[in-house]
Each structure stands twice: as C-alpha cells, then as structure tokens.
file model_11.pdb (PDB, C-alpha atoms, pLDDT in the B column)
ATOM      1  CA  MET A   3      50.787  88.736 -21.718  1.00 80.00           C
ATOM      2  CA  GLY A   4      48.487  85.696 -21.422  1.00 81.00           C
ATOM      3  CA  PRO A   5      51.144  83.236 -20.144  1.00 86.00           C
ATOM      4  CA  MET A   6      51.689  85.471 -17.108  1.00 89.00           C
ATOM      5  CA  PHE A   7      48.199  84.876 -15.717  1.00 89.00           C
ATOM      6  CA  PRO A   8      48.776  81.345 -14.294  1.00 90.00           C
ATOM      7  CA  MET A   9      51.712  82.679 -12.283  1.00 92.00           C
ATOM      8  CA  LEU A  10      49.633  85.612 -11.039  1.00 93.00           C
ATOM      9  CA  PHE A  11      46.766  83.289 -10.096  1.00 89.00           C
ATOM     10  CA  ALA A  12      49.176  81.098  -8.115  1.00 92.00           C
ATOM     11  CA  LEU A  13      50.729  84.101  -6.378  1.00 93.00           C
ATOM     12  CA  GLY A  14      47.292  85.521  -5.567  1.00 90.00           C
ATOM     13  CA  ALA A  15      46.083  82.184  -4.139  1.00 89.00           C
ATOM     14  CA  TRP A  16      49.216  81.860  -1.983  1.00 91.00           C
ATOM     15  CA  THR A  17      48.792  85.443  -0.714  1.00 91.00           C
ATOM     16  CA  PHE A  18      45.133  84.885   0.177  1.00 86.00           C
ATOM     17  CA  GLU A  19      45.992  81.688   2.028  1.00 89.00           C
ATOM     18  CA  LYS A  20      48.699  83.462   4.060  1.00 90.00           C
ATOM     19  CA  PHE A  21      46.274  86.291   4.854  1.00 87.00           C
ATOM     20  CA  ILE A  22      43.536  83.869   5.995  1.00 88.00           C
ATOM     21  CA  LEU A  23      45.935  81.848   8.197  1.00 88.00           C
ATOM     22  CA  MET A  24      47.456  84.968   9.704  1.00 88.00           C
ATOM     23  CA  LEU A  25      44.047  86.319  10.792  1.00 86.00           C
ATOM     24  CA  ASN A  26      42.605  82.858  11.460  1.00 87.00           C
ATOM     25  CA  TRP A  27      39.631  83.661   9.197  1.00 87.00           C
ATOM     26  CA  ARG A  28      39.049  80.126   8.033  1.00 84.00           C
ATOM     27  CA  TRP A  29      35.406  80.963   7.251  1.00 88.00           C
ATOM     28  CA  LEU A  30      36.707  83.074   4.372  1.00 87.00           C
ATOM     29  CA  LYS A  31      37.831  79.988   2.417  1.00 85.00           C
ATOM     30  CA  PRO A  32      34.318  78.728   1.521  1.00 89.00           C
ATOM     31  CA  VAL A  33      33.213  82.320   0.822  1.00 90.00           C
ATOM     32  CA  ILE A  34      36.005  82.727  -1.728  1.00 88.00           C
ATOM     33  CA  ILE A  35      35.151  79.379  -3.333  1.00 89.00           C
ATOM     34  CA  VAL A  36      31.464  80.348  -3.659  1.00 93.00           C
ATOM     35  CA  LEU A  37      32.371  83.720  -5.162  1.00 92.00           C
ATOM     36  CA  LEU A  38      34.724  82.068  -7.647  1.00 89.00           C
ATOM     37  CA  LEU A  39      32.067  79.542  -8.651  1.00 94.00           C
ATOM     38  CA  LEU A  40      29.374  82.196  -9.085  1.00 94.00           C
ATOM     39  CA  GLY A  41      31.721  84.419 -11.087  1.00 91.00           C
ATOM     40  CA  GLY A  42      32.776  81.488 -13.229  1.00 92.00           C
ATOM     41  CA  ILE A  43      29.176  80.514 -13.951  1.00 93.00           C
ATOM     42  CA  MET A  44      28.314  84.115 -14.836  1.00 92.00           C
ATOM     43  CA  VAL A  45      31.136  84.533 -17.370  1.00 91.00           C
ATOM     44  CA  ALA A  46      31.216  80.951 -18.673  1.00 93.00           C
ATOM     45  CA  PRO A  47      28.951  81.718 -21.682  1.00 93.00           C
ATOM     46  CA  PHE A  48      31.568  84.204 -22.905  1.00 90.00           C
ATOM     47  CA  ALA A  49      34.210  81.457 -23.049  1.00 87.00           C
ATOM     48  CA  LEU A  50      32.181  78.353 -23.936  1.00 89.00           C
ATOM     49  CA  ALA A  51      29.315  77.963 -26.404  1.00 89.00           C
ATOM     50  CA  ILE A  52      26.871  76.648 -23.793  1.00 91.00           C
ATOM     51  CA  LEU A  53      23.892  78.897 -24.636  1.00 93.00           C
ATOM     52  CA  PRO A  54      21.765  78.987 -27.796  1.00 94.00           C
ATOM     53  CA  VAL A  55      22.925  81.896 -29.909  1.00 93.00           C
ATOM     54  CA  GLU A  56      19.874  84.135 -29.403  1.00 94.00           C
ATOM     55  CA  THR A  57      19.922  83.405 -25.672  1.00 95.00           C
ATOM     56  CA  PHE A  58      23.600  84.357 -25.564  1.00 93.00           C
ATOM     57  CA  ILE A  59      22.902  87.637 -27.377  1.00 93.00           C
ATOM     58  CA  SER A  60      20.130  88.511 -24.891  1.00 94.00           C
ATOM     59  CA  TYR A  61      22.323  87.461 -21.950  1.00 92.00           C
ATOM     60  CA  SER A  62      25.298  89.577 -23.051  1.00 91.00           C
ATOM     61  CA  GLN A  63      23.039  92.568 -23.670  1.00 91.00           C
ATOM     62  CA  ALA A  64      21.500  92.174 -20.209  1.00 91.00           C
ATOM     63  CA  LEU A  65      24.997  92.278 -18.691  1.00 88.00           C
ATOM     64  CA  GLY A  66      25.963  95.253 -20.848  1.00 88.00           C
ATOM     65  CA  MET A  67      28.709  93.278 -22.584  1.00 85.00           C
ATOM     66  CA  ALA A  68      29.271  94.630 -26.090  1.00 86.00           C
ATOM     67  CA  PRO A  69      30.632  92.260 -28.788  1.00 87.00           C
ATOM     68  CA  SER A  70      34.423  92.411 -29.017  1.00 86.00           C
ATOM     69  CA  THR A  71      37.082  91.531 -31.563  1.00 86.00           C
ATOM     70  CA  PRO A  72      40.834  91.067 -31.062  1.00 81.00           C
ATOM     71  CA  GLU A  73      41.407  91.931 -34.740  1.00 81.00           C
ATOM     72  CA  LYS A  74      39.459  95.240 -34.736  1.00 83.00           C
ATOM     73  CA  LYS A  75      37.001  93.937 -37.326  1.00 86.00           C
ATOM     74  CA  GLN A  76      33.448  95.127 -37.905  1.00 86.00           C
ATOM     75  CA  LEU A  77      31.009  93.116 -35.777  1.00 88.00           C
ATOM     76  CA  SER A  78      27.285  92.471 -35.713  1.00 86.00           C
ATOM     77  CA  LYS A  79      25.518  90.803 -32.791  1.00 88.00           C
ATOM     78  CA  LEU A  80      28.245  88.356 -31.773  1.00 92.00           C
ATOM     79  CA  PRO A  81      31.843  88.760 -30.612  1.00 92.00           C
ATOM     80  CA  GLN A  82      34.395  87.522 -33.129  1.00 92.00           C
ATOM     81  CA  PHE A  83      35.175  84.504 -30.935  1.00 89.00           C
ATOM     82  CA  TYR A  84      31.639  83.211 -31.635  1.00 92.00           C
ATOM     83  CA  ALA A  85      30.948  84.785 -35.023  1.00 92.00           C
ATOM     84  CA  ASP A  86      33.943  82.938 -36.480  1.00 92.00           C
ATOM     85  CA  MET A  87      32.163  79.666 -35.648  1.00 92.00           C
ATOM     86  CA  PHE A  88      29.198  80.325 -37.920  1.00 94.00           C
ATOM     87  CA  GLY A  89      28.492  79.801 -41.590  1.00 95.00           C
ATOM     88  CA  TRP A  90      31.350  77.595 -42.739  1.00 96.00           C
ATOM     89  CA  GLU A  91      29.365  74.517 -43.741  1.00 97.00           C
ATOM     90  CA  LYS A  92      26.646  76.678 -45.260  1.00 97.00           C
ATOM     91  CA  MET A  93      29.304  78.411 -47.385  1.00 97.00           C
ATOM     92  CA  THR A  94      30.703  75.014 -48.392  1.00 98.00           C
ATOM     93  CA  ALA A  95      27.220  73.951 -49.500  1.00 97.00           C
ATOM     94  CA  VAL A  96      26.900  77.033 -51.736  1.00 97.00           C
ATOM     95  CA  VAL A  97      30.299  76.236 -53.258  1.00 98.00           C
ATOM     96  CA  ALA A  98      29.174  72.636 -53.763  1.00 98.00           C
ATOM     97  CA  ASP A  99      26.098  73.846 -55.672  1.00 97.00           C
ATOM     98  CA  ALA A 100      28.450  75.657 -58.061  1.00 97.00           C
ATOM     99  CA  TYR A 101      30.793  72.671 -58.314  1.00 97.00           C
ATOM    100  CA  HIS A 102      28.011  70.271 -59.235  1.00 96.00           C
ATOM    101  CA  THR A 103      26.970  72.419 -62.196  1.00 95.00           C
ATOM    102  CA  LEU A 104      30.249  71.427 -63.887  1.00 97.00           C
ATOM    103  CA  THR A 105      30.681  68.573 -66.297  1.00 96.00           C
ATOM    104  CA  PRO A 106      32.708  65.530 -65.161  1.00 96.00           C
ATOM    105  CA  GLU A 107      35.631  66.751 -67.300  1.00 95.00           C
ATOM    106  CA  GLU A 108      35.475  70.228 -65.759  1.00 96.00           C
ATOM    107  CA  LYS A 109      35.351  68.784 -62.235  1.00 96.00           C
ATOM    108  CA  LEU A 110      38.658  67.019 -62.837  1.00 94.00           C
ATOM    109  CA  LYS A 111      40.281  70.378 -63.654  1.00 93.00           C
ATOM    110  CA  CYS A 112      38.456  72.457 -61.050  1.00 96.00           C
ATOM    111  CA  ALA A 113      40.244  74.378 -58.315  1.00 96.00           C
ATOM    112  CA  ILE A 114      38.399  76.045 -55.432  1.00 97.00           C
ATOM    113  CA  VAL A 115      40.055  79.312 -54.396  1.00 97.00           C
ATOM    114  CA  GLY A 116      39.372  80.930 -51.028  1.00 95.00           C
ATOM    115  CA  ASN A 117      40.290  84.520 -50.247  1.00 93.00           C
ATOM    116  CA  ASN A 118      41.557  83.517 -46.807  1.00 94.00           C
ATOM    117  CA  TYR A 119      42.571  80.456 -44.811  1.00 95.00           C
ATOM    118  CA  GLY A 120      39.182  80.336 -43.060  1.00 95.00           C
ATOM    119  CA  GLU A 121      37.304  79.852 -46.314  1.00 96.00           C
ATOM    120  CA  ALA A 122      39.878  77.408 -47.670  1.00 97.00           C
ATOM    121  CA  GLY A 123      39.919  75.525 -44.379  1.00 97.00           C
ATOM    122  CA  ALA A 124      36.122  75.237 -44.418  1.00 97.00           C
ATOM    123  CA  ILE A 125      36.264  73.665 -47.876  1.00 97.00           C
ATOM    124  CA  ASP A 126      38.970  71.233 -46.778  1.00 97.00           C
ATOM    125  CA  PHE A 127      37.069  70.278 -43.604  1.00 97.00           C
ATOM    126  CA  PHE A 128      33.485  70.060 -44.881  1.00 98.00           C
ATOM    127  CA  GLY A 129      34.288  69.437 -48.545  1.00 97.00           C
ATOM    128  CA  PRO A 130      34.485  65.619 -48.461  1.00 97.00           C
ATOM    129  CA  LYS A 131      30.818  65.526 -47.410  1.00 96.00           C
ATOM    130  CA  TYR A 132      29.977  67.354 -50.642  1.00 97.00           C
ATOM    131  CA  SER A 133      32.519  65.540 -52.860  1.00 96.00           C
ATOM    132  CA  LEU A 134      34.626  68.679 -53.265  1.00 97.00           C
ATOM    133  CA  PRO A 135      38.347  68.820 -54.080  1.00 95.00           C
ATOM    134  CA  LYS A 136      40.835  70.437 -51.707  1.00 95.00           C
ATOM    135  CA  ALA A 137      40.914  74.227 -51.678  1.00 97.00           C
ATOM    136  CA  ILE A 138      43.781  76.572 -52.458  1.00 97.00           C
ATOM    137  CA  SER A 139      44.423  80.092 -51.223  1.00 96.00           C
ATOM    138  CA  GLY A 140      47.100  82.745 -51.225  1.00 95.00           C
ATOM    139  CA  HIS A 141      46.534  83.518 -47.547  1.00 96.00           C
ATOM    140  CA  ASN A 142      49.233  82.703 -44.986  1.00 95.00           C
ATOM    141  CA  ASN A 143      50.363  79.044 -45.040  1.00 95.00           C
ATOM    142  CA  TYR A 144      47.968  78.146 -47.835  1.00 96.00           C
ATOM    143  CA  TRP A 145      50.135  80.147 -50.214  1.00 96.00           C
ATOM    144  CA  LEU A 146      53.154  78.061 -49.180  1.00 95.00           C
ATOM    145  CA  TRP A 147      51.241  74.898 -50.052  1.00 95.00           C
ATOM    146  CA  GLY A 148      50.863  76.135 -53.620  1.00 94.00           C
ATOM    147  CA  CYS A 149      48.120  75.790 -56.192  1.00 91.00           C
ATOM    148  CA  ARG A 150      47.936  71.971 -56.019  1.00 86.00           C
ATOM    149  CA  ASN A 151      48.805  71.677 -59.730  1.00 85.00           C
ATOM    150  CA  ALA A 152      45.689  73.655 -60.718  1.00 90.00           C
ATOM    151  CA  THR A 153      45.962  75.259 -64.144  1.00 91.00           C
ATOM    152  CA  GLY A 154      43.162  77.780 -63.783  1.00 91.00           C
ATOM    153  CA  GLU A 155      41.127  76.314 -66.631  1.00 94.00           C
ATOM    154  CA  VAL A 156      38.168  75.904 -64.264  1.00 96.00           C
ATOM    155  CA  VAL A 157      38.071  77.740 -60.939  1.00 96.00           C
ATOM    156  CA  ILE A 158      35.433  78.367 -58.298  1.00 97.00           C
ATOM    157  CA  ARG A 159      36.209  81.642 -56.551  1.00 96.00           C
ATOM    158  CA  ILE A 160      34.881  82.509 -53.103  1.00 97.00           C
ATOM    159  CA  GLY A 161      34.356  86.252 -52.845  1.00 94.00           C
ATOM    160  CA  GLY A 162      35.689  89.158 -54.862  1.00 91.00           C
ATOM    161  CA  SER A 163      33.984  91.245 -57.537  1.00 91.00           C
ATOM    162  CA  ILE A 164      32.862  90.007 -60.918  1.00 92.00           C
ATOM    163  CA  ASP A 165      34.811  92.809 -62.634  1.00 93.00           C
ATOM    164  CA  ALA A 166      38.018  91.677 -60.919  1.00 90.00           C
ATOM    165  CA  MET A 167      37.320  88.075 -61.940  1.00 92.00           C
ATOM    166  CA  ARG A 168      36.859  89.097 -65.579  1.00 94.00           C
ATOM    167  CA  GLU A 169      40.326  90.628 -65.633  1.00 93.00           C
ATOM    168  CA  SER A 170      41.809  87.162 -65.056  1.00 93.00           C
ATOM    169  CA  TYR A 171      39.287  84.821 -66.688  1.00 95.00           C
ATOM    170  CA  LYS A 172      37.616  84.687 -70.081  1.00 95.00           C
ATOM    171  CA  GLU A 173      34.297  83.474 -68.678  1.00 96.00           C
ATOM    172  CA  VAL A 174      32.854  84.339 -65.254  1.00 96.00           C
ATOM    173  CA  ILE A 175      29.424  83.340 -63.933  1.00 96.00           C
ATOM    174  CA  GLN A 176      28.099  84.195 -60.493  1.00 96.00           C
ATOM    175  CA  THR A 177      26.361  81.016 -59.350  1.00 95.00           C
ATOM    176  CA  GLY A 178      25.335  81.896 -55.810  1.00 95.00           C
ATOM    177  CA  ILE A 179      25.818  84.006 -52.735  1.00 96.00           C
ATOM    178  CA  PHE A 180      26.623  82.944 -49.195  1.00 96.00           C
ATOM    179  CA  GLN A 181      24.704  84.582 -46.346  1.00 95.00           C
ATOM    180  CA  ASP A 182      24.597  83.965 -42.606  1.00 94.00           C
ATOM    181  CA  GLN A 183      23.282  86.420 -40.035  1.00 93.00           C
ATOM    182  CA  TYR A 184      25.655  85.235 -37.306  1.00 94.00           C
ATOM    183  CA  CYS A 185      28.992  85.065 -39.129  1.00 94.00           C
ATOM    184  CA  MET A 186      31.562  87.862 -39.262  1.00 93.00           C
ATOM    185  CA  PRO A 187      30.199  90.701 -41.449  1.00 93.00           C
ATOM    186  CA  TYR A 188      33.165  90.554 -43.838  1.00 91.00           C
ATOM    187  CA  GLU A 189      32.334  86.889 -44.504  1.00 94.00           C
ATOM    188  CA  ASN A 190      28.637  87.591 -45.115  1.00 94.00           C
ATOM    189  CA  ASN A 191      27.025  88.201 -48.531  1.00 95.00           C
ATOM    190  CA  ILE A 192      29.963  86.634 -50.380  1.00 95.00           C
ATOM    191  CA  SER A 193      29.480  85.853 -54.058  1.00 96.00           C
ATOM    192  CA  ILE A 194      30.522  82.491 -55.497  1.00 97.00           C
ATOM    193  CA  TYR A 195      31.841  82.475 -59.072  1.00 97.00           C
ATOM    194  CA  VAL A 196      32.584  79.799 -61.615  1.00 97.00           C
ATOM    195  CA  CYS A 197      35.510  81.070 -63.689  1.00 96.00           C
ATOM    196  CA  LYS A 198      36.866  79.444 -66.840  1.00 96.00           C
ATOM    197  CA  GLY A 199      39.798  80.088 -69.124  1.00 94.00           C
ATOM    198  CA  ARG A 200      42.375  81.837 -66.964  1.00 93.00           C
ATOM    199  CA  ARG A 201      44.386  84.264 -69.069  1.00 93.00           C
ATOM    200  CA  ILE A 202      47.641  83.497 -67.204  1.00 92.00           C
ATOM    201  CA  PRO A 203      48.251  79.920 -65.945  1.00 91.00           C
ATOM    202  CA  LEU A 204      47.635  79.781 -62.220  1.00 91.00           C
ATOM    203  CA  LYS A 205      51.099  78.453 -61.347  1.00 90.00           C
ATOM    204  CA  ASP A 206      52.743  81.286 -63.309  1.00 92.00           C
ATOM    205  CA  ASP A 207      50.698  83.879 -61.428  1.00 91.00           C
ATOM    206  CA  TRP A 208      50.788  82.259 -57.987  1.00 93.00           C
ATOM    207  CA  ALA A 209      53.161  84.846 -56.523  1.00 92.00           C
ATOM    208  CA  GLU A 210      50.428  87.478 -57.002  1.00 91.00           C
ATOM    209  CA  PHE A 211      48.087  85.531 -54.705  1.00 92.00           C
ATOM    210  CA  LYS A 212      50.377  85.830 -51.688  1.00 94.00           C
ATOM    211  CA  HIS A 213      49.008  87.818 -48.754  1.00 92.00           C
ATOM    212  CA  TYR A 214      50.085  87.373 -45.141  1.00 92.00           C
ATOM    213  CA  GLU A 215      48.181  88.912 -42.243  1.00 83.00           C
TER
END
call {"tool": "encode", "arguments": {"input": "model_11.pdb", "output": "structure tokens"}}
result
Amino acid sequence: MGPMFPMLFALGAWTFEKFILMLNWRWLKPVIIVLLLLGGIMVAPFALAILPVETFISYSQALGMAPSTPEKKQLSKLPQFYADMFGWEKMTAVVADAYHTLTPEEKLKCAIVGNNYGEAGAIDFFGPKYSLPKAISGHNNYWLWGCRNATGEVVIRIGGSIDAMRESYKEVIQTGIFQDQYCMPYENNISIYVCKGRRIPLKDDWAEFKHYE
C-alpha cells in the first residue's frame, strides 16, 4: 500500500489549498506548515538514526511508542528497523577471532557459513577489514550463488547447535559467542564454531542448505 501515499498526500494538499482559497483563510497556510514541521521533528527519530540509542529508547518510552517489527519477530528495547543495524561488525570480529586460529593451509580451505543473508552480508561487507574470505549461506539469493567451491574440509559456522554441527562434521569446536544488547534477539548470543572434516562434501549437500523466507 506504500506507493499510494504520495498520491494521497498530493490529493490532500490540493484539497486543503482549495478549502483555504474558498474561505479566504490565507492565515491557515503558515499554521499548517508549522504543524507539519513540528510533527516531522517529533517523529523524525523513528525514521532516522539521529539520537543516541539510549536517548532514543527513553524518547520512545516517553511518547508511549512500543518497539515494532514488520516481521513479527521477538524484540527487546529497539524496533526492528533500528535493531537490525546493530552488532554486525562485532559479529564479524568474533568470526575473525575463530578464523585466525587456523593454520595458513586451513585458511585457504575455509568457508564461512551464515544462517541467513544478514550474517553472510555482514561478513562480506566487514570481512575485508579482518582478512576474511567471502561468506556463503543457504538463505535466499545466497543459496543461488552457491558454495563458492568450498569443500567443507574447514568451515566456520555462525549459529546453530553443537550437536547439529557434529552430525555433519567430524570435529567441531565452539570458539566464541556473539553478543550485543541492541541487536535483534534472535541474532544475540550466537555461537561461532570451527568445523572440520565434513562427512558429505558441501557441494553435494548444498540443496539441503536452501531456505527462502
């Protein structure tokens, strides 16, 4: 329904102008402009990240605005629009700590697997700063891009349970955990695993990674 709003705004502005001219209430024009400016200033922090995060939380609570999510996800203190902006580089740094425990030979074989496109995208965006390879994922378009010739001999997995990892890999070590109080709850407290010796080659099992949502 979003694309309809510009047309409604235009129709509303035209109607107001006709109403003002018909009654000759020209004084109403500056009043409307002031009201629009004040309303815009009041709601601007909900559309633009112009306040420090704790200030925004206090401001939204003062206005009685509860955090919202278009995807019906569990939330903490921030709406999803803001919570999705937090934690990505910190997560990449935790992955980098795991990556740099590998030998030079293992690094050449290593694949970084994200559970979703957000995690994989964070690795691809922030990864060069930490000398990380590109990420792979079975989520949405990342699945279409494939496993980048990864064999599964050495894999860093973002998220999941260690028991599930052990079903697919001969050796699994949890090397760290990512935490951020402001990120989406389902992205918080995520374990990072170094997995070695995949039982089925990654390319042969890639169809099982596919999940679209």
call {"tool": "closest_residue", "arguments": {"input": "model_11.pdb", "among": "A:Leu77, A:Ile138, A:Cys197, A:Met67", "to": "Glu169 in chain A", "atoms": "only C-alpha atoms"}}
result
A:Cys197
call {"tool": "residues_around", "arguments": {"input": "model_11.pdb", "residues": "Tyr144 in chain A", "least_positions_apart": "6", "cutoff": "10 Å", "atoms": "all atoms listed in the file", "output": "list in words"}}
result
Gly116, Asn118, Tyr119, Ala122, Gly123, Ala137, Ile138, Lys212, His213 and Tyr214 of chain A
call {"tool": "resolve_selection", "arguments": {"input": "model_11.pdb", "expression": "the PyMOL selection byres ((chain A and resi 178-187) around 7)", "output": "PyMOL selection string"}}
result
chain A and resi 76-78+80+82+85-86+88-89+93+96+176-177+188-194
call {"tool": "closest_residue", "arguments": {"input": "model_11.pdb", "among": "A:Gly42, A:Gly162, A:Gly129, A:Pro69", "to": "Tyr84 in chain A", "atoms": "all atoms listed in the file"}}
result
A:Pro69
call {"tool": "atom_distance", "arguments": {"input": "model_11.pdb", "atom1": "CA of Leu204 in chain A", "atom2": "CA of Glu173 in chain A"}}
result
15.3 Å
call {"tool": "atom_distance", "arguments": {"input": "model_11.pdb", "atom1": "CA of Pro203 in chain A", "atom2": "CA of Gly148 in chain A"}}
result
13.2 Å
call {"tool": "residues_around", "arguments": {"input": "model_11.pdb", "residues": "Asn151 in chain A", "least_positions_apart": "6", "cutoff": "10 Å", "atoms": "only C-alpha atoms", "output": "VMD selection string"}}
result
chain A and resid 111 113 204 to 205
call {"tool": "atom_distance", "arguments": {"input": "model_11.pdb", "atom1": "CA of Tyr195 in chain A", "atom2": "CA of Ile160 in chain A"}}
result
6.7 Å
call {"tool": "closest_residue", "arguments": {"input": "model_11.pdb", "among": "A:Ala64, A:Val196, A:Met3, A:Ile34", "to": "Arg159 in chain A", "atoms": "only C-alpha atoms"}}
result
A:Val196
call {"tool": "resolve_selection", "arguments": {"input": "model_11.pdb", "expression": "the PyMOL selection byres ((chain A and resi 170) around 9)", "output": "PyMOL selection string"}}
result
chain A and resi 166-169+171-172+197+199-202
call {"tool": "residues_around", "arguments": {"input": "model_11.pdb", "residues": "Ala95 in chain A", "least_positions_apart": "3", "cutoff": "10 Å", "atoms": "only C-alpha atoms", "output": "list in words"}}
result
Gly89, Trp90, Glu91, Lys92, Ala98, Asp99, Ala100, Tyr101, Ile125, Phe128, Gly129, Lys131, Tyr132, Leu134 and Phe180 of chain A
call {"tool": "axis_aligned_box", "arguments": {"input": "model_11.pdb", "around": "range 152-160 of chain A", "padding_each_side": "8 Å", "output": "JSON"}}
result
{"center_x": 40.4, "center_y": 78.1, "center_z": -59.9, "size_x": 27.1, "size_y": 24.9, "size_z": 29.5}
call {"tool": "decode", "arguments": {"input": "model_11.pdb", "residues": "range 59-106 of chain A", "atoms": "C-alpha atoms", "output": "mmCIF file, in the first residue's frame"}}
result
data_model
loop_
_atom_site.group_PDB
_atom_site.id
_atom_site.type_symbol
_atom_site.label_atom_id
_atom_site.label_comp_id
_atom_site.auth_asym_id
_atom_site.auth_seq_id
_atom_site.Cartn_x
_atom_site.Cartn_y
_atom_site.Cartn_z
ATOM 1 C CA ILE A 59 14.844 4.404 23.898
ATOM 2 C CA SER A 60 13.961 6.988 26.575
ATOM 3 C CA TYR A 61 12.317 9.244 23.974
ATOM 4 C CA SER A 62 10.143 6.465 22.528
ATOM 5 C CA GLN A 63 9.124 5.345 26.013
ATOM 6 C CA ALA A 64 8.186 8.921 26.931
ATOM 7 C CA LEU A 65 5.920 9.065 23.868
ATOM 8 C CA GLY A 66 4.457 5.648 24.652
ATOM 9 C CA MET A 67 5.776 4.184 21.401
ATOM 10 C CA ALA A 68 6.406 0.459 21.807
ATOM 11 C CA PRO A 69 9.080 -1.212 19.615
ATOM 12 C CA SER A 70 7.591 -2.655 16.428
ATOM 13 C CA THR A 71 8.555 -5.252 13.849
ATOM 14 C CA PRO A 72 7.155 -5.799 10.344
ATOM 15 C CA GLU A 73 8.238 -9.459 10.509
ATOM 16 C CA LYS A 74 6.526 -10.288 13.844
ATOM 17 C CA LYS A 75 9.851 -11.141 15.477
ATOM 18 C CA GLN A 76 10.670 -11.039 19.178
ATOM 19 C CA LEU A 77 12.008 -7.605 20.150
ATOM 20 C CA SER A 78 13.927 -6.108 23.042
ATOM 21 C CA LYS A 79 14.319 -2.362 23.554
ATOM 22 C CA LEU A 80 14.534 -1.289 19.912
ATOM 23 C CA PRO A 81 12.193 -1.608 16.933
ATOM 24 C CA GLN A 82 13.452 -3.991 14.265
ATOM 25 C CA PHE A 83 14.237 -1.068 11.948
ATOM 26 C CA TYR A 84 16.974 0.007 14.401
ATOM 27 C CA ALA A 85 17.870 -3.323 15.994
ATOM 28 C CA ASP A 86 18.847 -4.685 12.574
ATOM 29 C CA MET A 87 21.558 -2.002 12.426
ATOM 30 C CA PHE A 88 23.444 -3.282 15.458
ATOM 31 C CA GLY A 89 26.068 -5.933 16.034
ATOM 32 C CA TRP A 90 27.202 -6.835 12.533
ATOM 33 C CA GLU A 91 30.825 -5.722 12.773
ATOM 34 C CA LYS A 92 31.088 -7.096 16.297
ATOM 35 C CA MET A 93 29.871 -10.475 14.996
ATOM 36 C CA THR A 94 32.399 -10.284 12.153
ATOM 37 C CA ALA A 95 35.159 -9.670 14.701
ATOM 38 C CA VAL A 96 34.167 -12.799 16.655
ATOM 39 C CA VAL A 97 34.231 -14.798 13.414
ATOM 40 C CA ALA A 98 37.641 -13.308 12.620
ATOM 41 C CA ASP A 99 38.965 -14.486 16.000
ATOM 42 C CA ALA A 100 37.951 -18.025 15.021
ATOM 43 C CA TYR A 101 39.397 -17.671 11.520
ATOM 44 C CA HIS A 102 42.783 -16.536 12.783
ATOM 45 C CA THR A 103 43.160 -19.646 14.939
ATOM 46 C CA LEU A 104 43.508 -21.666 11.714
ATOM 47 C CA THR A 105 46.758 -22.594 10.064
ATOM 48 C CA PRO A 106 47.632 -20.943 6.723
#
